[in-house]
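Here is model.txt, consisting of compact mmCIF, C-alpha atoms:
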```txt
# COMPACT_ATOMS: atom_id res chain seq x y z
CA MET A 1 0.00 0.00 0.00
CA ASN A 2 1.43 3.36 -1.04
CA THR A 3 0.82 6.05 1.64
CA GLN A 4 2.68 8.87 -0.10
CA LYS A 5 0.61 11.61 -1.66
CA SER A 6 1.13 12.68 -5.18
CA GLY A 7 3.04 15.95 -5.77
CA LYS A 8 -0.13 17.87 -6.49
CA ASP A 9 -1.77 17.02 -3.13
CA LYS A 10 1.26 17.77 -0.92
CA TYR A 11 0.54 21.48 -0.63
CA LEU A 12 -2.07 23.16 1.51
CA LYS A 13 -4.81 24.73 -0.59
CA PHE A 14 -5.79 27.88 1.32
CA TRP A 15 -8.95 28.40 -0.70
CA GLU A 16 -10.40 25.06 0.41
CA TYR A 17 -10.51 25.96 4.11
CA LYS A 18 -13.10 28.55 5.20
CA ARG A 19 -11.18 29.51 8.32
CA LEU A 20 -8.06 30.27 6.33
CA LEU A 21 -10.04 32.44 3.94
CA ARG A 22 -10.81 34.81 6.83
CA VAL A 23 -7.11 35.38 7.54
CA ARG A 24 -5.86 38.68 6.18
CA GLY A 25 -2.71 39.01 4.15
CA ILE A 26 0.01 41.50 5.08
CA GLU A 27 -1.00 43.92 2.32
CA ASP A 28 -4.55 43.90 3.68
CA ILE A 29 -3.18 44.74 7.13
CA GLU A 30 -1.09 47.60 5.73
CA THR A 31 -4.14 48.95 3.90
CA GLU A 32 -6.16 48.74 7.09
CA ILE A 33 -3.40 50.61 8.97
CA GLU A 34 -3.58 53.41 6.41
CA LEU A 35 -7.38 53.56 6.76
CA LYS A 36 -7.17 53.70 10.57
CA LEU A 37 -4.60 56.50 10.38
CA VAL A 38 -6.97 58.45 8.12
CA ASP A 39 -9.78 57.80 10.63
CA LEU A 40 -7.60 59.12 13.45
CA GLU A 41 -6.71 62.23 11.45
CA LYS A 42 -10.41 62.86 10.77
CA LEU A 43 -11.23 62.40 14.46
CA ILE A 44 -8.50 64.86 15.46
CA ASP A 45 -9.81 67.40 12.94
CA GLU A 46 -13.38 66.92 14.20
CA ALA A 47 -12.24 67.36 17.81
CA GLN A 48 -10.36 70.53 16.84
CA SER A 49 -13.48 71.94 15.14
CA PHE A 50 -15.65 70.96 18.10
CA HIS A 51 -13.25 72.67 20.51
CA GLU A 52 -13.23 75.85 18.41
CA ALA A 53 -17.04 75.84 18.30
CA CYS A 54 -17.18 75.43 22.08
CA GLN A 55 -14.88 78.43 22.52
CA GLU A 56 -17.58 80.61 20.97
CA LEU A 57 -20.21 79.47 23.49
CA TYR A 58 -20.78 81.26 26.76
CA LEU A 59 -19.95 78.43 29.13
CA VAL A 60 -19.75 78.71 32.90
CA TYR A 61 -16.65 76.51 32.68
CA PRO A 62 -14.75 76.56 29.38
CA ILE A 63 -13.02 73.52 27.94
CA VAL A 64 -9.35 72.93 27.32
CA ARG A 65 -8.03 70.56 24.67
CA GLU A 66 -5.22 68.13 25.49
CA HIS A 67 -3.17 65.78 23.36
CA LEU A 68 -2.84 62.37 25.01
CA LYS A 69 0.18 60.51 23.73
CA LEU A 70 -0.25 57.14 22.04
CA SER A 71 1.50 55.06 24.67
CA ASN A 72 1.49 51.60 23.11
CA LYS A 73 4.97 50.30 22.24
CA CYS A 74 3.73 49.19 18.81
CA LEU A 75 2.88 52.79 17.92
CA VAL A 76 6.31 54.35 18.51
CA CYS A 77 6.91 54.56 14.75
CA LEU A 78 4.10 57.14 14.38
CA ASP A 79 4.60 60.90 14.48
CA LEU A 80 3.27 61.62 17.99
CA LYS A 81 2.78 65.32 17.21
CA LYS A 82 0.44 64.45 14.35
CA TYR A 83 -1.27 61.39 15.86
CA TYR A 84 -2.67 61.55 19.39
CA ILE A 85 -5.85 60.91 21.33
CA PRO A 86 -7.93 64.08 21.62
CA ASN A 87 -9.10 64.84 25.14
CA MET A 88 -11.18 67.84 26.18
CA LEU A 89 -11.94 68.81 29.77
CA PHE A 90 -13.77 71.58 31.60
CA PHE A 91 -11.57 73.79 33.73
CA LYS A 92 -11.63 76.83 35.96
CA ASN A 93 -8.83 79.22 36.82
CA VAL A 94 -7.84 79.17 40.48
CA VAL A 95 -5.72 81.79 42.22
CA SER A 96 -3.70 80.55 45.18
CA SER A 97 -3.01 82.55 48.34
CA SER A 98 0.39 83.52 46.91
CA GLY A 99 -1.29 85.02 43.85
CA ARG A 100 -0.24 82.26 41.50
CA GLN A 101 -2.84 81.29 38.90
CA SER A 102 -3.44 77.67 37.88
CA ARG A 103 -6.10 75.57 36.19
CA LYS A 104 -8.31 73.11 37.99
CA LYS A 105 -9.49 70.47 35.52
CA PHE A 106 -12.70 68.51 35.96
CA PHE A 107 -12.47 64.86 34.91
CA LYS A 108 -15.74 63.48 36.27
CA TRP A 109 -19.27 64.70 35.78
CA ALA A 110 -19.89 64.68 39.56
CA ASP A 111 -17.14 67.32 39.97
CA ILE A 112 -18.58 69.45 37.17
CA SER A 113 -22.06 69.15 38.63
CA THR A 114 -20.85 70.28 42.03
CA ALA A 115 -19.00 73.22 40.49
CA LEU A 116 -22.13 74.18 38.53
CA ASP A 117 -24.13 74.01 41.77
CA ASN A 118 -21.65 76.38 43.41
CA THR A 119 -22.17 78.92 40.61
CA ASN A 120 -26.00 78.59 40.62
CA ALA A 121 -25.99 77.52 36.97
CA SER A 122 -29.37 77.52 35.25
CA LEU A 123 -30.94 74.38 33.80
CA ASP A 124 -30.01 75.49 30.27
CA GLU A 125 -26.37 75.97 31.27
CA ARG A 126 -26.35 72.61 33.00
CA LEU A 127 -27.85 70.86 29.94
CA LEU A 128 -25.33 72.56 27.65
CA HIS A 129 -22.46 71.41 29.88
CA MET A 130 -23.91 67.86 29.94
CA LYS A 131 -24.05 67.72 26.15
CA ILE A 132 -20.53 69.07 25.74
CA TYR A 133 -19.15 66.72 28.41
CA PHE A 134 -20.77 63.72 26.70
CA ASP A 135 -19.40 64.77 23.29
CA CYS A 136 -15.90 65.26 24.75
CA ARG A 137 -16.00 61.75 26.24
CA GLN A 138 -17.09 60.35 22.86
CA TYR A 139 -14.10 61.93 21.10
CA TYR A 140 -11.83 60.50 23.77
CA SER A 141 -13.40 57.02 23.55
CA ARG A 142 -13.27 56.93 19.76
CA GLY A 143 -9.62 58.01 19.87
CA ARG A 144 -8.78 55.25 22.34
CA GLN A 145 -10.60 52.69 20.19
CA ILE A 146 -8.76 53.69 17.01
CA ALA A 147 -5.44 53.72 18.88
CA GLY A 148 -6.14 50.19 20.16
CA ASP A 149 -6.98 48.99 16.66
CA LEU A 150 -3.79 50.55 15.31
CA ALA A 151 -1.73 48.89 18.03
CA GLU A 152 -3.15 45.48 17.09
CA LEU A 153 -2.52 46.05 13.38
CA PHE A 154 1.06 47.21 13.93
CA SER A 155 1.61 44.21 16.21
CA MET A 156 0.44 41.83 13.46
CA LYS A 157 2.70 43.61 10.99
CA GLU A 158 5.67 43.18 13.36
CA VAL A 159 4.90 39.46 13.69
CA PHE A 160 4.86 39.10 9.90
CA GLU A 161 8.18 40.98 9.56
CA GLU A 162 9.69 38.78 12.28
CA ILE A 163 8.58 35.64 10.43
CA LEU A 164 10.23 36.90 7.25
CA LYS A 165 13.41 37.72 9.13
CA VAL A 166 13.63 34.34 10.87
CA GLU A 167 12.87 32.45 7.66
CA ASN A 168 15.26 34.69 5.71
CA LEU A 169 12.61 35.46 3.10
CA GLU A 170 11.79 38.55 1.11
CA ARG A 171 8.27 39.78 0.43
CA LYS A 172 8.64 39.54 -3.32
CA ASN A 173 9.31 35.77 -3.05
CA LEU A 174 6.06 35.02 -1.19
CA PRO A 175 2.96 33.62 -2.91
CA SER A 176 0.10 36.04 -3.49
CA ASN A 177 -2.30 34.21 -1.13
CA ILE A 178 -0.05 35.16 1.81
CA MET A 179 0.25 38.78 0.68
CA VAL A 180 -3.46 39.47 0.12
CA LYS A 181 -6.67 37.80 1.23
```
Before anything else, please render the file you have as structure tokens.
Amino acid sequence: MNTQKSGKDKYLKFWEYKRLLRVRGIEDIETEIELKLVDLEKLIDEAQSFHEACQELYLVYPIVREHLKLSNKCLVCLDLKKYYIPNMLFFKNVVSSSGRQSRKKFFKWADISTALDNTNASLDERLLHMKIYFDCRQYYSRGRQIAGDLAELFSMKEVFEEILKVENLERKNLPSNIMVK
């Protein structure tokens, strides 16, 4: 009995396995990275526009815009001045007993609510602050989500590059089904 397979059947046929069809190729991952970077740029632009629009409103407590650094080790290759997580917070200026002025930032809604109570803010002012606070948190959450997705994609890209390095292969020598889905 001959147990050896013929030459044609020795190789794995990716297209015959549904689970393998779901696996992305490296070029698909690189395309997805580019799309996520565009999404992050759009989010940063939207947050900038939102912040500028809020500056024109008469708020009891204005908002300040911060740039939170992308802290994942997979994202160190990105320009951190261009790509960041937008974060906007309410603040008030506080003068210390020595006459030094500083900003007190409000991170939680309970703190903002208490501060609005102290200023006898009207219901309209309170509702406006609620809406702005919720929108600020959404920009922050969306930025964190995109940053997490980018970290995963860059991690997969690093794994692929490591495989090529260990196997001493070049991209141009790989079959197309590994490069694209």
*Of the candidates A:Ile112, A:Leu164, A:Ala151, A:Ala53, which one gets nearest to Glu125 (chain A) if we count all atoms listed in the file?*
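Comparing A:Ile112, A:Leu164, A:Ala151, A:Ala53 against Glu125 (chain A), the winner is A:Ile112.
The residue that comes closest to Leu150 (chain A), out of A:Leu57, A:Ala47, A:Leu75, A:Leu68 and on the basis of only C-alpha atoms, is A:Leu75.
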*So how far away is CA of Ala121 (chain A) from CA of Leu59 (chain A), in Å?*
9.9 Å
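Candidate residues A:His67, A:Lys157, A:Lys108, A:Arg137 were compared for distance to Gln48 (chain A), and the nearest is A:His67, using only C-alpha atoms.
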_Between CA of Lys165 (chain A) and CA of Glu152 (chain A), what is the distance in Å, rounded to a tenth?_
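The value is 19.9 Å.
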*Between CA of Leu43 (chain A) and CA of Ala147 (chain A), what is the distance, to one decimal in Å?*
11.3 Å
*Go through A:Ser98, A:Gln55, A:Ser155, A:Ser49 one by one, measure the shortest atom-to-atom distance of each to Cys77 (chain A) using only C-alpha atoms, and give the residue with the smallest value.*
A:Ser155
*Find the spatial neighbours of Lys36 (chain A), counting all atoms listed in the file, within a cut-off of 8 Å - ignore same-chain residues fewer than 4 positions away - and output them as a ChimeraX atom specification.*
/A:32,40,146,149-150
*Out of A:Phe107, A:Glu27, A:Cys136, A:Gly99, which residue has the shortest atom-to-atom distance to Arg65 (chain A) when counting all atoms listed in the file?*
A:Cys136
*With all atoms listed in the file as the atoms that count, which of A:Tyr84, A:Ile26, A:Val166, A:Ala110 lies nearest to Asp39 (chain A)?*
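Smallest separation from Asp39 (chain A) among the options: A:Tyr84.
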Some atoms are absent from region 124-148 of chain A, so rebuild N, CA and C atoms and return them as a PDB file, keeping the file's coordinate frame.
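Result written to result-v4.pdb:
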```
ATOM      1  N   ASP A 124     -30.551  75.433  31.631  1.00  0.00           N
ATOM      2  CA  ASP A 124     -30.010  75.490  30.270  1.00  0.00           C
ATOM      3  C   ASP A 124     -28.489  75.369  30.268  1.00  0.00           C
ATOM      4  N   GLU A 125     -27.837  76.061  31.174  1.00  0.00           N
ATOM      5  CA  GLU A 125     -26.370  75.970  31.270  1.00  0.00           C
ATOM      6  C   GLU A 125     -25.936  74.558  31.652  1.00  0.00           C
ATOM      7  N   ARG A 126     -26.665  73.970  32.559  1.00  0.00           N
ATOM      8  CA  ARG A 126     -26.350  72.610  33.000  1.00  0.00           C
ATOM      9  C   ARG A 126     -26.517  71.618  31.844  1.00  0.00           C
ATOM     10  N   LEU A 127     -27.618  71.751  31.086  1.00  0.00           N
ATOM     11  CA  LEU A 127     -27.850  70.860  29.940  1.00  0.00           C
ATOM     12  C   LEU A 127     -26.780  71.055  28.866  1.00  0.00           C
ATOM     13  N   LEU A 128     -26.387  72.284  28.624  1.00  0.00           N
ATOM     14  CA  LEU A 128     -25.330  72.560  27.650  1.00  0.00           C
ATOM     15  C   LEU A 128     -24.015  71.912  28.088  1.00  0.00           C
ATOM     16  N   HIS A 129     -23.686  72.032  29.360  1.00  0.00           N
ATOM     17  CA  HIS A 129     -22.460  71.410  29.880  1.00  0.00           C
ATOM     18  C   HIS A 129     -22.540  69.880  29.789  1.00  0.00           C
ATOM     19  N   MET A 130     -23.740  69.321  30.053  1.00  0.00           N
ATOM     20  CA  MET A 130     -23.910  67.860  29.940  1.00  0.00           C
ATOM     21  C   MET A 130     -23.636  67.398  28.513  1.00  0.00           C
ATOM     22  N   LYS A 131     -24.225  68.092  27.558  1.00  0.00           N
ATOM     23  CA  LYS A 131     -24.050  67.720  26.150  1.00  0.00           C
ATOM     24  C   LYS A 131     -22.581  67.819  25.735  1.00  0.00           C
ATOM     25  N   ILE A 132     -21.937  68.887  26.100  1.00  0.00           N
ATOM     26  CA  ILE A 132     -20.530  69.070  25.740  1.00  0.00           C
ATOM     27  C   ILE A 132     -19.661  68.017  26.428  1.00  0.00           C
ATOM     28  N   TYR A 133     -19.920  67.733  27.698  1.00  0.00           N
ATOM     29  CA  TYR A 133     -19.150  66.720  28.410  1.00  0.00           C
ATOM     30  C   TYR A 133     -19.288  65.354  27.728  1.00  0.00           C
ATOM     31  N   PHE A 134     -20.528  65.003  27.363  1.00  0.00           N
ATOM     32  CA  PHE A 134     -20.770  63.720  26.700  1.00  0.00           C
ATOM     33  C   PHE A 134     -20.048  63.659  25.360  1.00  0.00           C
ATOM     34  N   ASP A 135     -20.095  64.737  24.581  1.00  0.00           N
ATOM     35  CA  ASP A 135     -19.400  64.770  23.290  1.00  0.00           C
ATOM     36  C   ASP A 135     -17.879  64.663  23.475  1.00  0.00           C
ATOM     37  N   CYS A 136     -17.351  65.341  24.474  1.00  0.00           N
ATOM     38  CA  CYS A 136     -15.900  65.260  24.750  1.00  0.00           C
ATOM     39  C   CYS A 136     -15.499  63.819  25.086  1.00  0.00           C
ATOM     40  N   ARG A 137     -16.307  63.144  25.886  1.00  0.00           N
ATOM     41  CA  ARG A 137     -16.000  61.750  26.240  1.00  0.00           C
ATOM     42  C   ARG A 137     -16.074  60.851  25.006  1.00  0.00           C
ATOM     43  N   GLN A 138     -16.993  61.153  24.086  1.00  0.00           N
ATOM     44  CA  GLN A 138     -17.090  60.350  22.860  1.00  0.00           C
ATOM     45  C   GLN A 138     -15.839  60.514  22.000  1.00  0.00           C
ATOM     46  N   TYR A 139     -15.342  61.732  21.862  1.00  0.00           N
ATOM     47  CA  TYR A 139     -14.100  61.930  21.100  1.00  0.00           C
ATOM     48  C   TYR A 139     -12.950  61.155  21.734  1.00  0.00           C
ATOM     49  N   TYR A 140     -12.879  61.225  23.048  1.00  0.00           N
ATOM     50  CA  TYR A 140     -11.830  60.500  23.770  1.00  0.00           C
ATOM     51  C   TYR A 140     -11.963  58.987  23.561  1.00  0.00           C
ATOM     52  N   SER A 141     -13.176  58.468  23.694  1.00  0.00           N
ATOM     53  CA  SER A 141     -13.400  57.020  23.550  1.00  0.00           C
ATOM     54  C   SER A 141     -13.102  56.544  22.132  1.00  0.00           C
ATOM     55  N   ARG A 142     -13.549  57.303  21.142  1.00  0.00           N
ATOM     56  CA  ARG A 142     -13.270  56.930  19.760  1.00  0.00           C
ATOM     57  C   ARG A 142     -11.772  56.962  19.479  1.00  0.00           C
ATOM     58  N   GLY A 143     -11.077  57.940  20.035  1.00  0.00           N
ATOM     59  CA  GLY A 143      -9.620  58.010  19.870  1.00  0.00           C
ATOM     60  C   GLY A 143      -8.919  56.813  20.488  1.00  0.00           C
ATOM     61  N   ARG A 144      -9.363  56.423  21.681  1.00  0.00           N
ATOM     62  CA  ARG A 144      -8.780  55.250  22.340  1.00  0.00           C
ATOM     63  C   ARG A 144      -9.043  53.976  21.535  1.00  0.00           C
ATOM     64  N   GLN A 145     -10.247  53.870  20.980  1.00  0.00           N
ATOM     65  CA  GLN A 145     -10.600  52.690  20.190  1.00  0.00           C
ATOM     66  C   GLN A 145      -9.731  52.597  18.934  1.00  0.00           C
ATOM     67  N   ILE A 146      -9.580  53.698  18.220  1.00  0.00           N
ATOM     68  CA  ILE A 146      -8.760  53.690  17.010  1.00  0.00           C
ATOM     69  C   ILE A 146      -7.298  53.399  17.366  1.00  0.00           C
ATOM     70  N   ALA A 147      -6.817  53.973  18.460  1.00  0.00           N
ATOM     71  CA  ALA A 147      -5.440  53.720  18.880  1.00  0.00           C
ATOM     72  C   ALA A 147      -5.229  52.233  19.220  1.00  0.00           C
ATOM     73  N   GLY A 148      -6.223  51.618  19.855  1.00  0.00           N
ATOM     74  CA  GLY A 148      -6.140  50.190  20.160  1.00  0.00           C
ATOM     75  C   GLY A 148      -6.122  49.340  18.898  1.00  0.00           C
TER      76      GLY A 148
END
```
